[in-house]
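A.B. asks: So that you have it, the file is protein.pdb, and it contains PDB, C-alpha atoms:
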ATOM      1  CA  MET A   1      -7.247  -8.817   4.706  1.00  0.00           C
ATOM      2  CA  GLU A   2     -10.207  -9.407   2.425  1.00  0.00           C
ATOM      3  CA  TYR A   3     -10.965  -6.505   0.061  1.00  0.00           C
ATOM      4  CA  GLY A   4     -13.991  -8.044  -1.678  1.00  0.00           C
ATOM      5  CA  ASP A   5     -16.468  -5.343  -0.580  1.00  0.00           C
ATOM      6  CA  TYR A   6     -14.540  -2.557  -2.334  1.00  0.00           C
ATOM      7  CA  SER A   7     -14.206  -1.393  -5.947  1.00  0.00           C
ATOM      8  CA  PRO A   8     -11.161  -2.655  -7.905  1.00  0.00           C
ATOM      9  CA  LYS A   9      -9.528   0.788  -7.507  1.00  0.00           C
ATOM     10  CA  GLU A  10     -10.108   0.741  -3.723  1.00  0.00           C
ATOM     11  CA  GLN A  11      -8.867  -2.851  -3.503  1.00  0.00           C
ATOM     12  CA  LEU A  12      -5.653  -1.852  -5.252  1.00  0.00           C
ATOM     13  CA  GLN A  13      -5.217   1.223  -3.039  1.00  0.00           C
ATOM     14  CA  LEU A  14      -5.739  -0.889   0.099  1.00  0.00           C
ATOM     15  CA  ALA A  15      -3.305  -3.591  -1.048  1.00  0.00           C
ATOM     16  CA  VAL A  16      -0.580  -1.103  -2.050  1.00  0.00           C
ATOM     17  CA  CYS A  17      -1.037   0.924   1.154  1.00  0.00           C
ATOM     18  CA  GLN A  18      -0.825  -2.244   3.271  1.00  0.00           C
ATOM     19  CA  THR A  19       2.363  -3.331   1.484  1.00  0.00           C
ATOM     20  CA  LEU A  20       3.957   0.105   1.884  1.00  0.00           C
ATOM     21  CA  ILE A  21       3.223   0.260   5.614  1.00  0.00           C
ATOM     22  CA  SER A  22       4.445  -3.309   6.128  1.00  0.00           C
ATOM     23  CA  GLU A  23       7.742  -2.639   4.356  1.00  0.00           C
ATOM     24  CA  ASN A  24       8.577   0.989   5.247  1.00  0.00           C
ATOM     25  CA  THR A  25       8.743   3.383   8.182  1.00  0.00           C
ATOM     26  CA  TYR A  26       6.342   6.310   7.978  1.00  0.00           C
ATOM     27  CA  LEU A  27       6.143   9.194  10.440  1.00  0.00           C
ATOM     28  CA  SER A  28       3.307  11.016   8.627  1.00  0.00           C
ATOM     29  CA  GLN A  29       0.347  10.399   6.355  1.00  0.00           C
ATOM     30  CA  GLU A  30       1.923  12.819   3.877  1.00  0.00           C
ATOM     31  CA  GLU A  31       4.897  10.425   3.450  1.00  0.00           C
ATOM     32  CA  ILE A  32       2.453   7.573   2.747  1.00  0.00           C
ATOM     33  CA  ARG A  33       0.533   9.801   0.297  1.00  0.00           C
ATOM     34  CA  ARG A  34       3.792  10.670  -1.520  1.00  0.00           C
ATOM     35  CA  ASP A  35       4.726   6.986  -1.927  1.00  0.00           C
ATOM     36  CA  LEU A  36       1.209   6.124  -3.137  1.00  0.00           C
ATOM     37  CA  GLN A  37       1.511   8.933  -5.703  1.00  0.00           C
ATOM     38  CA  GLU A  38       4.854   7.490  -6.861  1.00  0.00           C
ATOM     39  CA  ARG A  39       3.095   4.156  -7.399  1.00  0.00           C
ATOM     40  CA  GLY A  40       0.483   5.551  -9.773  1.00  0.00           C
ATOM     41  CA  PHE A  41      -2.146   7.109  -7.510  1.00  0.00           C
ATOM     42  CA  GLU A  42      -1.317  10.665  -8.613  1.00  0.00           C
ATOM     43  CA  THR A  43      -4.565  12.260  -7.433  1.00  0.00           C
ATOM     44  CA  ILE A  44      -4.854  10.557  -4.034  1.00  0.00           C
ATOM     45  CA  SER A  45      -5.880  12.988  -1.299  1.00  0.00           C
ATOM     46  CA  GLN A  46      -4.786  13.112   2.320  1.00  0.00           C
ATOM     47  CA  SER A  47      -8.359  12.270   3.366  1.00  0.00           C
ATOM     48  CA  THR A  48      -8.278   9.138   1.186  1.00  0.00           C
ATOM     49  CA  VAL A  49      -4.996   8.094   2.806  1.00  0.00           C
ATOM     50  CA  SER A  50      -6.581   8.615   6.227  1.00  0.00           C
ATOM     51  CA  ARG A  51      -9.579   6.468   5.195  1.00  0.00           C
ATOM     52  CA  LEU A  52      -7.278   3.698   3.879  1.00  0.00           C
ATOM     53  CA  LEU A  53      -5.366   3.665   7.164  1.00  0.00           C
ATOM     54  CA  THR A  54      -8.631   3.377   9.101  1.00  0.00           C
ATOM     55  CA  LEU A  55      -9.929   0.557   6.868  1.00  0.00           C
ATOM     56  CA  LEU A  56      -6.632  -1.325   7.256  1.00  0.00           C
ATOM     57  CA  GLY A  57      -6.664  -0.866  11.044  1.00  0.00           C
ATOM     58  CA  VAL A  58      -3.274   0.863  10.958  1.00  0.00           C
ATOM     59  CA  ILE A  59      -2.012   2.078  14.331  1.00  0.00           C
ATOM     60  CA  LYS A  60       0.835   4.311  15.503  1.00  0.00           C
ATOM     61  CA  ILE A  61       3.550   2.651  17.575  1.00  0.00           C
ATOM     62  CA  ARG A  62       6.898   3.757  18.969  1.00  0.00           C
ATOM     63  CA  ASN A  63       9.896   2.316  17.164  1.00  0.00           C
ATOM     64  CA  ALA A  64      13.309   1.606  18.696  1.00  0.00           C
ATOM     65  CA  LYS A  65      14.318   5.248  18.107  1.00  0.00           C
ATOM     66  CA  GLY A  66      11.278   6.483  20.081  1.00  0.00           C
ATOM     67  CA  GLN A  67       9.554   7.800  16.934  1.00  0.00           C
ATOM     68  CA  LYS A  68       5.806   7.259  16.469  1.00  0.00           C
ATOM     69  CA  ILE A  69       5.390   5.391  13.197  1.00  0.00           C
ATOM     70  CA  TYR A  70       2.470   3.857  11.315  1.00  0.00           C
ATOM     71  CA  SER A  71       2.201   0.076  11.624  1.00  0.00           C
ATOM     72  CA  MET A  72      -0.182  -2.710  10.730  1.00  0.00           C
ATOM     73  CA  ASN A  73      -2.021  -3.736  13.888  1.00  0.00           C
ATOM     74  CA  PRO A  74      -0.648  -7.212  14.735  1.00  0.00           C
ATOM     75  CA  GLN A  75      -3.954  -8.149  16.375  1.00  0.00           C
ATOM     76  CA  LEU A  76      -5.792  -7.639  13.076  1.00  0.00           C
ATOM     77  CA  ARG A  77      -3.551  -9.911  11.017  1.00  0.00           C
ATOM     78  CA  PRO A  78      -5.414 -13.011   9.916  1.00  0.00           C
ATOM     79  CA  ALA A  79      -4.433 -16.171  11.717  1.00  0.00           C
ATOM     80  CA  PRO A  80      -2.819 -18.816   9.505  1.00  0.00           C
ATOM     81  CA  ASP A  81      -5.580 -20.997   8.104  1.00  0.00           C
ATOM     82  CA  ALA A  82      -4.916 -24.254   6.253  1.00  0.00           C
ATOM     83  CA  ALA A  83      -8.244 -23.908   4.437  1.00  0.00           C
ATOM     84  CA  ARG A  84      -7.214 -20.593   2.856  1.00  0.00           C
ATOM     85  CA  SER A  85      -6.792 -20.851  -0.918  1.00  0.00           C
ATOM     86  CA  ILE A  86      -3.405 -20.097  -2.449  1.00  0.00           C
ATOM     87  CA  SER A  87      -4.675 -16.957  -4.165  1.00  0.00           C
ATOM     88  CA  GLU A  88      -5.919 -15.661  -0.782  1.00  0.00           C
ATOM     89  CA  MET A  89      -2.405 -16.107   0.655  1.00  0.00           C
ATOM     90  CA  VAL A  90      -0.809 -13.881  -1.999  1.00  0.00           C
ATOM     91  CA  VAL A  91      -0.988 -10.079  -1.719  1.00  0.00           C
ATOM     92  CA  SER A  92       1.069  -9.302  -4.840  1.00  0.00           C
ATOM     93  CA  VAL A  93       3.587 -10.729  -7.295  1.00  0.00           C
ATOM     94  CA  GLU A  94       6.017  -8.259  -8.832  1.00  0.00           C
ATOM     95  CA  HIS A  95       9.288  -8.399 -10.691  1.00  0.00           C
ATOM     96  CA  ASN A  96      12.138  -6.352 -12.038  1.00  0.00           C
ATOM     97  CA  SER A  97      14.678  -7.413 -14.637  1.00  0.00           C
ATOM     98  CA  GLU A  98      16.411  -9.857 -12.270  1.00  0.00           C
ATOM     99  CA  PHE A  99      14.024 -11.451  -9.765  1.00  0.00           C
ATOM    100  CA  ILE A 100      10.430 -11.883  -8.605  1.00  0.00           C
ATOM    101  CA  LEU A 101       9.014 -10.909  -5.204  1.00  0.00           C
ATOM    102  CA  ILE A 102       5.829 -12.459  -3.879  1.00  0.00           C
ATOM    103  CA  HIS A 103       4.242 -10.567  -0.980  1.00  0.00           C
ATOM    104  CA  THR A 104       1.992 -12.785   1.125  1.00  0.00           C
ATOM    105  CA  VAL A 105      -0.364 -12.410   4.030  1.00  0.00           C
ATOM    106  CA  ALA A 106       1.726 -12.522   7.230  1.00  0.00           C
ATOM    107  CA  GLY A 107       2.765 -16.089   7.992  1.00  0.00           C
ATOM    108  CA  TYR A 108       2.221 -17.551   4.512  1.00  0.00           C
ATOM    109  CA  GLY A 109       5.578 -16.877   2.837  1.00  0.00           C
ATOM    110  CA  ARG A 110       7.003 -20.307   3.541  1.00  0.00           C
ATOM    111  CA  ALA A 111       3.809 -22.062   2.425  1.00  0.00           C
ATOM    112  CA  VAL A 112       3.838 -20.245  -0.926  1.00  0.00           C
ATOM    113  CA  ALA A 113       7.564 -21.021  -1.359  1.00  0.00           C
ATOM    114  CA  ARG A 114       6.864 -24.681  -0.630  1.00  0.00           C
ATOM    115  CA  ILE A 115       4.194 -24.701  -3.357  1.00  0.00           C
ATOM    116  CA  LEU A 116       6.706 -23.297  -5.859  1.00  0.00           C
ATOM    117  CA  ASP A 117       9.336 -25.841  -4.777  1.00  0.00           C
ATOM    118  CA  TYR A 118       6.820 -28.672  -5.128  1.00  0.00           C
ATOM    119  CA  HIS A 119       6.056 -27.757  -8.749  1.00  0.00           C
ATOM    120  CA  GLN A 120       9.772 -27.691  -9.652  1.00  0.00           C
ATOM    121  CA  LEU A 121       9.398 -25.149 -12.453  1.00  0.00           C
ATOM    122  CA  PRO A 122      12.539 -25.576 -14.598  1.00  0.00           C
ATOM    123  CA  GLU A 123      12.750 -21.796 -15.111  1.00  0.00           C
ATOM    124  CA  ILE A 124      13.292 -21.214 -11.354  1.00  0.00           C
ATOM    125  CA  LEU A 125      16.832 -21.391  -9.992  1.00  0.00           C
ATOM    126  CA  GLY A 126      15.880 -20.916  -6.354  1.00  0.00           C
ATOM    127  CA  VAL A 127      13.324 -19.672  -3.845  1.00  0.00           C
ATOM    128  CA  VAL A 128      13.956 -17.967  -0.487  1.00  0.00           C
ATOM    129  CA  ALA A 129      11.073 -17.367   1.930  1.00  0.00           C
ATOM    130  CA  GLY A 130      10.402 -15.218   4.938  1.00  0.00           C
ATOM    131  CA  SER A 131       7.209 -14.868   6.928  1.00  0.00           C
ATOM    132  CA  SER A 132       5.466 -12.602   4.422  1.00  0.00           C
ATOM    133  CA  ILE A 133       7.718 -12.452   1.376  1.00  0.00           C
ATOM    134  CA  VAL A 134       9.100 -14.935  -1.147  1.00  0.00           C
ATOM    135  CA  TRP A 135      12.120 -14.087  -3.304  1.00  0.00           C
ATOM    136  CA  VAL A 136      12.381 -16.055  -6.557  1.00  0.00           C
ATOM    137  CA  ALA A 137      15.521 -16.206  -8.696  1.00  0.00           C
ATOM    138  CA  PRO A 138      14.944 -17.167 -12.323  1.00  0.00           C
ATOM    139  CA  ARG A 139      17.408 -19.595 -13.888  1.00  0.00           C
ATOM    140  CA  ILE A 140      17.926 -17.215 -16.831  1.00  0.00           C
ATOM    141  CA  VAL A 141      17.568 -13.504 -16.037  1.00  0.00           C
ATOM    142  CA  LYS A 142      16.350 -12.707 -19.571  1.00  0.00           C
ATOM    143  CA  ARG A 143      13.278 -14.850 -18.798  1.00  0.00           C
ATOM    144  CA  THR A 144      12.255 -13.111 -15.560  1.00  0.00           C
ATOM    145  CA  ALA A 145       9.001 -11.793 -17.079  1.00  0.00           C
ATOM    146  CA  LEU A 146       8.123 -15.320 -18.273  1.00  0.00           C
ATOM    147  CA  VAL A 147       8.782 -16.772 -14.799  1.00  0.00           C
ATOM    148  CA  HIS A 148       6.605 -13.991 -13.342  1.00  0.00           C
ATOM    149  CA  LYS A 149       3.753 -15.060 -15.657  1.00  0.00           C
ATOM    150  CA  GLN A 150       4.245 -18.738 -14.755  1.00  0.00           C
ATOM    151  CA  ILE A 151       4.096 -17.921 -11.039  1.00  0.00           C
ATOM    152  CA  ASN A 152       0.961 -15.804 -11.472  1.00  0.00           C
ATOM    153  CA  TYR A 153      -0.683 -18.672 -13.354  1.00  0.00           C
ATOM    154  CA  LEU A 154       0.396 -21.267 -10.794  1.00  0.00           C
ATOM    155  CA  LEU A 155      -0.788 -19.166  -7.854  1.00  0.00           C
ATOM    156  CA  ARG A 156      -3.931 -18.085  -9.759  1.00  0.00           C
ATOM    157  CA  THR A 157      -3.320 -14.398  -9.089  1.00  0.00           C
ATOM    158  CA  HIS A 158      -3.712 -13.242 -12.708  1.00  0.00           C
TER     159      HIS A 158
END
Would you encode the structure as structure tokens?
C.D. replies:
Amino acid sequence: MEYGDYSPKEQLQLAVCQTLISENTYLSQEEIRRDLQERGFETISQSTVSRLLTLLGVIKIRNAKGQKIYSMNPQLRPAPDAARSISEMVVSVEHNSEFILIHTVAGYGRAVARILDYHQLPEILGVVAGSSIVWVAPRIVKRTALVHKQINYLLRTH
């Protein structure tokens, strides 16, 4: 999803909200609001959460347990496009003390992993890709933050 028409704060809220809904199961907007608050949006209101869900095209579906949960609308996901720039493929790049996770637009995980493999960064031990996520293991755990910076530079997401 393109967020270019929104302020930097709104862009960040949209991106974080999209990631949360893609990776978690939510039964209520209040649960989404709580997780957004835990990620730094302390003053986010329920009405703002509702607006974010509308802008993202989030729908409610029944899961395997019969519960109605919030989900990204699969019909609104962008189709894979070879002309898309690398930075447009990447939603976020984050790390902890041991590894780096790259969240991509649905369908681009393997393409981003292939780009990392192609560049053969000596600091990277290995890369594992799914449809919308890439897991990167640094060769030396103490250098995880450095590898994170290298990946951001390579993917032009800084």
A.B. asks: Taking the file as I've supplied it (selection: the PyMOL selection byres ((chain A and resi 87-94) around 6)), which residues are included? Please answer as a short mmCIF file (atom, residue, chain, number, x, y, z; two decimals) with C-alpha atoms, keeping the file's coordinate frame.
C.D. replies:
data_model
loop_
_atom_site.label_atom_id
_atom_site.label_comp_id
_atom_site.auth_asym_id
_atom_site.auth_seq_id
_atom_site.Cartn_x
_atom_site.Cartn_y
_atom_site.Cartn_z
CA SER A 85 -6.79 -20.85 -0.92
CA ILE A 86 -3.40 -20.10 -2.45
CA HIS A 95 9.29 -8.40 -10.69
CA ILE A 100 10.43 -11.88 -8.60
CA LEU A 101 9.01 -10.91 -5.20
CA ILE A 102 5.83 -12.46 -3.88
CA HIS A 103 4.24 -10.57 -0.98
CA THR A 104 1.99 -12.78 1.12
CA VAL A 105 -0.36 -12.41 4.03
CA LEU A 155 -0.79 -19.17 -7.85
CA ARG A 156 -3.93 -18.08 -9.76
CA THR A 157 -3.32 -14.40 -9.09
#
A.B. asks: Give me the residues near region 134-141 of chain A as a VMD selection string, where near means some atom within 12 Å (using all atoms listed in the file) and where sequence neighbours in that chain fewer than 3 positions away do not count.
C.D. replies: chain A and resid 89 to 117 120 to 131 144 to 151
A.B. asks: Suppose you want the space between CA of Ala15 (chain A) and CA of Thr54 (chain A); what is it in Å?
C.D. replies: 13.4 Å
A.B. asks: Considering all atoms listed in the file, state which residue in the set A:Thr48, A:Leu154, A:Arg143, A:Ile69 is at the smallest distance from Ser22 (chain A).
C.D. replies: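 Comparing A:Thr48, A:Leu154, A:Arg143, A:Ile69 against Ser22 (chain A), the winner is A:Ile69.
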A.B. asks: To one decimal place, how far is CA of Cys17 (chain A) from CA of Leu53 (chain A) in Å?
C.D. replies: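 According to the coordinates, CA of Cys17 (chain A) and CA of Leu53 (chain A) are separated by 7.9 Å.
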A.B. asks: When the PyMOL selection byres ((chain A and resi 44) around 12) is applied to the structure above, which residues does it catch, written out as a PyMOL selection string?
C.D. replies: chain A and resi 9-10+13+17+29-30+32-43+45-52
A.B. asks: Calculate how many Å separate CA of Lys60 (chain A) from CA of Thr25 (chain A), rounding to one decimal.
C.D. replies: 10.8 Å
A.B. asks: Using only C-alpha atoms, pick whichever of A:Leu14, A:Tyr118, A:Pro8, A:Glu23 has the shortest atom-to-atom distance to Ile133 (chain A).
C.D. replies: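 Smallest distance to Ile133 (chain A) is found for A:Glu23.
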A.B. asks: Determine the nearest neighbour of Leu55 (chain A) from the options A:Thr19, A:Gln67, A:Gln11, A:Ser28, counting all atoms listed in the file.
C.D. replies: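 Once distances to Leu55 (chain A) are computed over all atoms listed in the file, the minimum belongs to A:Gln11.
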